[in-house]
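**Student:** Before I ask anything, let me first share the structure, which is written out below as structure tokens.
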Amino acid sequence: MSEAADQIFATLKHQAQSGAPLYLQLRKSIEDAVNRGLIGPGDALPSERDIATKADISRVTVRKAVQDLVKGGILVQRHGSGTFVARRMERVEQSLSRLTSFTEDMARRGMVVRSAWLDRGLYAPSPDEMMVLGLSSNELVARVARLRIANDTPLAIERASLSASVLPDPADIGSSLYAALELTGNRPVRAVQRISAANLGDSDARLLEVPPGIAGLHIERISYLASGKVIEFTRSIYRGDAYDFVAELRLTGPSEEGRP
């Protein structure tokens, strides 16, 4: 990175007369270097002090340019580590017509999947959980929260709630919740899913390694057994730069109008 840094920032000294604000010139120099491959995903940028010295500009100017690039997803800042070129995301197409687990879906694409546990335990149910899962106030709810990672890139945060009668020991879950439910005959067969836009808060953004406030997808899913009983209530946050949800639509013919 050192030779590339000298090339990127030293040339800025000769561009000051262009009239554009210096922070915009620096931002463009860094962005051009990323696009040209002079610096690649995972490469660390020099410190603000080093950039300011190499480019002969103030640290305030450097900070403003870097913050703009972080907001744009070009750079990522890691507390205590520094500033790095963000990984380029390969977008994942997710069908809305199939009910599969994250593990199954990513494995089908040949991606290496792992999870980081955020929570798994038994709790008193919230009002929403009581209403959706049909629980009384003296029953317990099993909560399972995981950071879902594919090819070493965090893609989603999943927070699932189930009746404790269905999942009495959340610690028994392996890599797939649906696989665990299948063993007890409680794997869902259909689901209703609601997708909405969301700006990521600080804690979720930190887990997904994206800037706070960036656009994400909030997905609420209610899953059912063949009997019609609700088995799962999941609220997830997906990276907006990683997922495309795809649905097949058919034109309704005259004979099908009014059908449920």
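Note on naming: chains are A, B, ... as they come in the structure tokens, residues start from 1 per chain, ligands start from 1 in the order shown.
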Which residues, written as a PyMOL selection string, have at least one atom at most 10 Å from Val230 (chain A), with only C-alpha atoms counted and residues fewer than 3 positions away on the same chain left out?
**Tutor:** chain A and resi 132-134+162-163+188+190-191+222-227+233
**Student:** At a cut-off of 8 Å, using only C-alpha atoms, what residues contact Val144 (chain A)? Leave out same-chain residues fewer than 5 positions from it and give the result as a VMD selection string.
**Tutor:** chain A and resid 118 to 121 158 to 161 170
**Student:** Please write the residues from the selection above to a file, keeping all heavy atoms, as a short mmCIF file (atom, residue, chain, number, x, y, z; two decimals), in the first residue's frame.
**Tutor:**
data_model
loop_
_atom_site.label_atom_id
_atom_site.label_comp_id
_atom_site.auth_asym_id
_atom_site.auth_seq_id
_atom_site.Cartn_x
_atom_site.Cartn_y
_atom_site.Cartn_z
N LEU A 118 -25.59 -14.51 18.84
CA LEU A 118 -25.79 -13.27 19.57
C LEU A 118 -26.63 -13.50 20.82
O LEU A 118 -26.49 -12.79 21.81
CB LEU A 118 -26.48 -12.23 18.67
CG LEU A 118 -25.79 -11.94 17.33
CD1 LEU A 118 -26.63 -10.98 16.50
CD2 LEU A 118 -24.39 -11.38 17.56
N ASP A 119 -27.52 -14.49 20.74
CA ASP A 119 -28.38 -14.81 21.89
C ASP A 119 -29.06 -16.14 21.61
O ASP A 119 -29.41 -16.44 20.47
CB ASP A 119 -29.43 -13.71 22.08
CG ASP A 119 -30.30 -13.94 23.30
OD1 ASP A 119 -29.87 -14.66 24.22
OD2 ASP A 119 -31.43 -13.41 23.33
N ARG A 120 -29.25 -16.95 22.64
CA ARG A 120 -30.12 -18.12 22.58
C ARG A 120 -30.48 -18.51 24.00
O ARG A 120 -29.62 -18.87 24.79
CB ARG A 120 -29.48 -19.29 21.83
CG ARG A 120 -28.06 -19.64 22.17
CD ARG A 120 -27.59 -20.83 21.35
NE ARG A 120 -26.16 -21.03 21.44
CZ ARG A 120 -25.52 -22.07 20.91
NH1 ARG A 120 -26.21 -23.01 20.28
NH2 ARG A 120 -24.21 -22.19 21.00
N GLY A 121 -31.77 -18.37 24.30
CA GLY A 121 -32.20 -18.63 25.65
C GLY A 121 -33.71 -18.58 25.77
O GLY A 121 -34.43 -18.39 24.78
N GLU A 158 -30.39 -12.40 12.17
CA GLU A 158 -31.68 -13.07 12.30
C GLU A 158 -32.03 -13.21 13.77
O GLU A 158 -31.23 -13.69 14.57
CB GLU A 158 -31.64 -14.46 11.66
CG GLU A 158 -31.53 -14.45 10.15
CD GLU A 158 -31.57 -15.85 9.56
OE1 GLU A 158 -31.47 -16.83 10.34
OE2 GLU A 158 -31.69 -15.97 8.35
N ARG A 159 -33.24 -12.81 14.12
CA ARG A 159 -33.74 -12.93 15.50
C ARG A 159 -35.05 -13.69 15.46
O ARG A 159 -36.09 -13.14 15.08
CB ARG A 159 -33.91 -11.55 16.13
CG ARG A 159 -32.59 -10.75 16.22
CD ARG A 159 -32.81 -9.38 16.84
NE ARG A 159 -31.54 -8.67 17.06
CZ ARG A 159 -31.04 -7.77 16.24
NH1 ARG A 159 -31.70 -7.46 15.12
NH2 ARG A 159 -29.89 -7.16 16.51
N ALA A 160 -35.01 -14.97 15.81
CA ALA A 160 -36.18 -15.84 15.73
C ALA A 160 -36.75 -16.09 17.12
O ALA A 160 -36.01 -16.22 18.10
CB ALA A 160 -35.81 -17.16 15.07
N SER A 161 -38.08 -16.17 17.17
CA SER A 161 -38.79 -16.50 18.41
C SER A 161 -39.70 -17.68 18.17
O SER A 161 -40.41 -17.74 17.16
CB SER A 161 -39.63 -15.29 18.87
OG SER A 161 -38.83 -14.16 19.10
N PRO A 170 -32.72 -23.97 23.42
CA PRO A 170 -32.14 -23.32 22.22
C PRO A 170 -30.66 -23.63 22.03
O PRO A 170 -30.16 -23.54 20.90
CB PRO A 170 -32.36 -21.83 22.50
CG PRO A 170 -33.49 -21.77 23.46
CD PRO A 170 -33.34 -23.00 24.33
#
**Student:** List every residue of region 1-243 of chain A that DSSP, applied to the backbone of this structure, places in helix (DSSP H, G or I), and write the result as a ChimeraX atom specification.
**Tutor:** /A:2-14,16-18,22-36,48-55,59-71,102-108,127-133,170-172,177-183,202-208
**Student:** Could you jot down the CA of Gln77 (chain A) to CA of Val112 (chain A) separation for me, Å, one decimal place?
**Tutor:**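 Rounded to one decimal, the two atoms are 24.8 Å apart.
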**Student:** If you count only C-alpha atoms, which residues fall within 6 Å of Arg187 (chain A), apart from same-chain ones fewer than 3 positions away, as an MDAnalysis selection string?
**Tutor:** chainID A and resid 178 181:182
**Student:** If you keep all heavy atoms, can you produce a file of those selected residues as an mmCIF file, in the first residue's frame?
**Tutor:**
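As a result, selection33.cif now contains:
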data_model
loop_
_atom_site.group_PDB
_atom_site.id
_atom_site.type_symbol
_atom_site.label_atom_id
_atom_site.label_comp_id
_atom_site.auth_asym_id
_atom_site.auth_seq_id
_atom_site.Cartn_x
_atom_site.Cartn_y
_atom_site.Cartn_z
ATOM 1 N N TYR A 178 -33.905 -24.734 11.078
ATOM 2 C CA TYR A 178 -34.910 -25.553 10.393
ATOM 3 C C TYR A 178 -34.554 -27.036 10.457
ATOM 4 O O TYR A 178 -35.428 -27.895 10.531
ATOM 5 C CB TYR A 178 -35.075 -25.099 8.944
ATOM 6 C CG TYR A 178 -35.981 -23.893 8.797
ATOM 7 C CD1 TYR A 178 -36.372 -23.154 9.912
ATOM 8 C CD2 TYR A 178 -36.456 -23.494 7.556
ATOM 9 C CE1 TYR A 178 -37.194 -22.051 9.787
ATOM 10 C CE2 TYR A 178 -37.290 -22.388 7.422
ATOM 11 C CZ TYR A 178 -37.649 -21.675 8.547
ATOM 12 O OH TYR A 178 -38.479 -20.580 8.418
ATOM 13 N N LEU A 181 -35.665 -28.163 13.820
ATOM 14 C CA LEU A 181 -37.124 -28.285 13.882
ATOM 15 C C LEU A 181 -37.613 -29.507 13.123
ATOM 16 O O LEU A 181 -38.595 -30.146 13.511
ATOM 17 C CB LEU A 181 -37.775 -27.017 13.317
ATOM 18 C CG LEU A 181 -37.587 -25.734 14.138
ATOM 19 C CD1 LEU A 181 -38.207 -24.547 13.416
ATOM 20 C CD2 LEU A 181 -38.179 -25.886 15.530
ATOM 21 N N GLU A 182 -36.925 -29.839 12.033
ATOM 22 C CA GLU A 182 -37.324 -31.004 11.241
ATOM 23 C C GLU A 182 -37.197 -32.290 12.053
ATOM 24 O O GLU A 182 -38.001 -33.219 11.907
ATOM 25 C CB GLU A 182 -36.490 -31.088 9.972
ATOM 26 C CG GLU A 182 -36.979 -32.135 8.994
ATOM 27 C CD GLU A 182 -36.383 -31.953 7.609
ATOM 28 O OE1 GLU A 182 -35.334 -31.284 7.483
ATOM 29 O OE2 GLU A 182 -36.969 -32.477 6.649
#
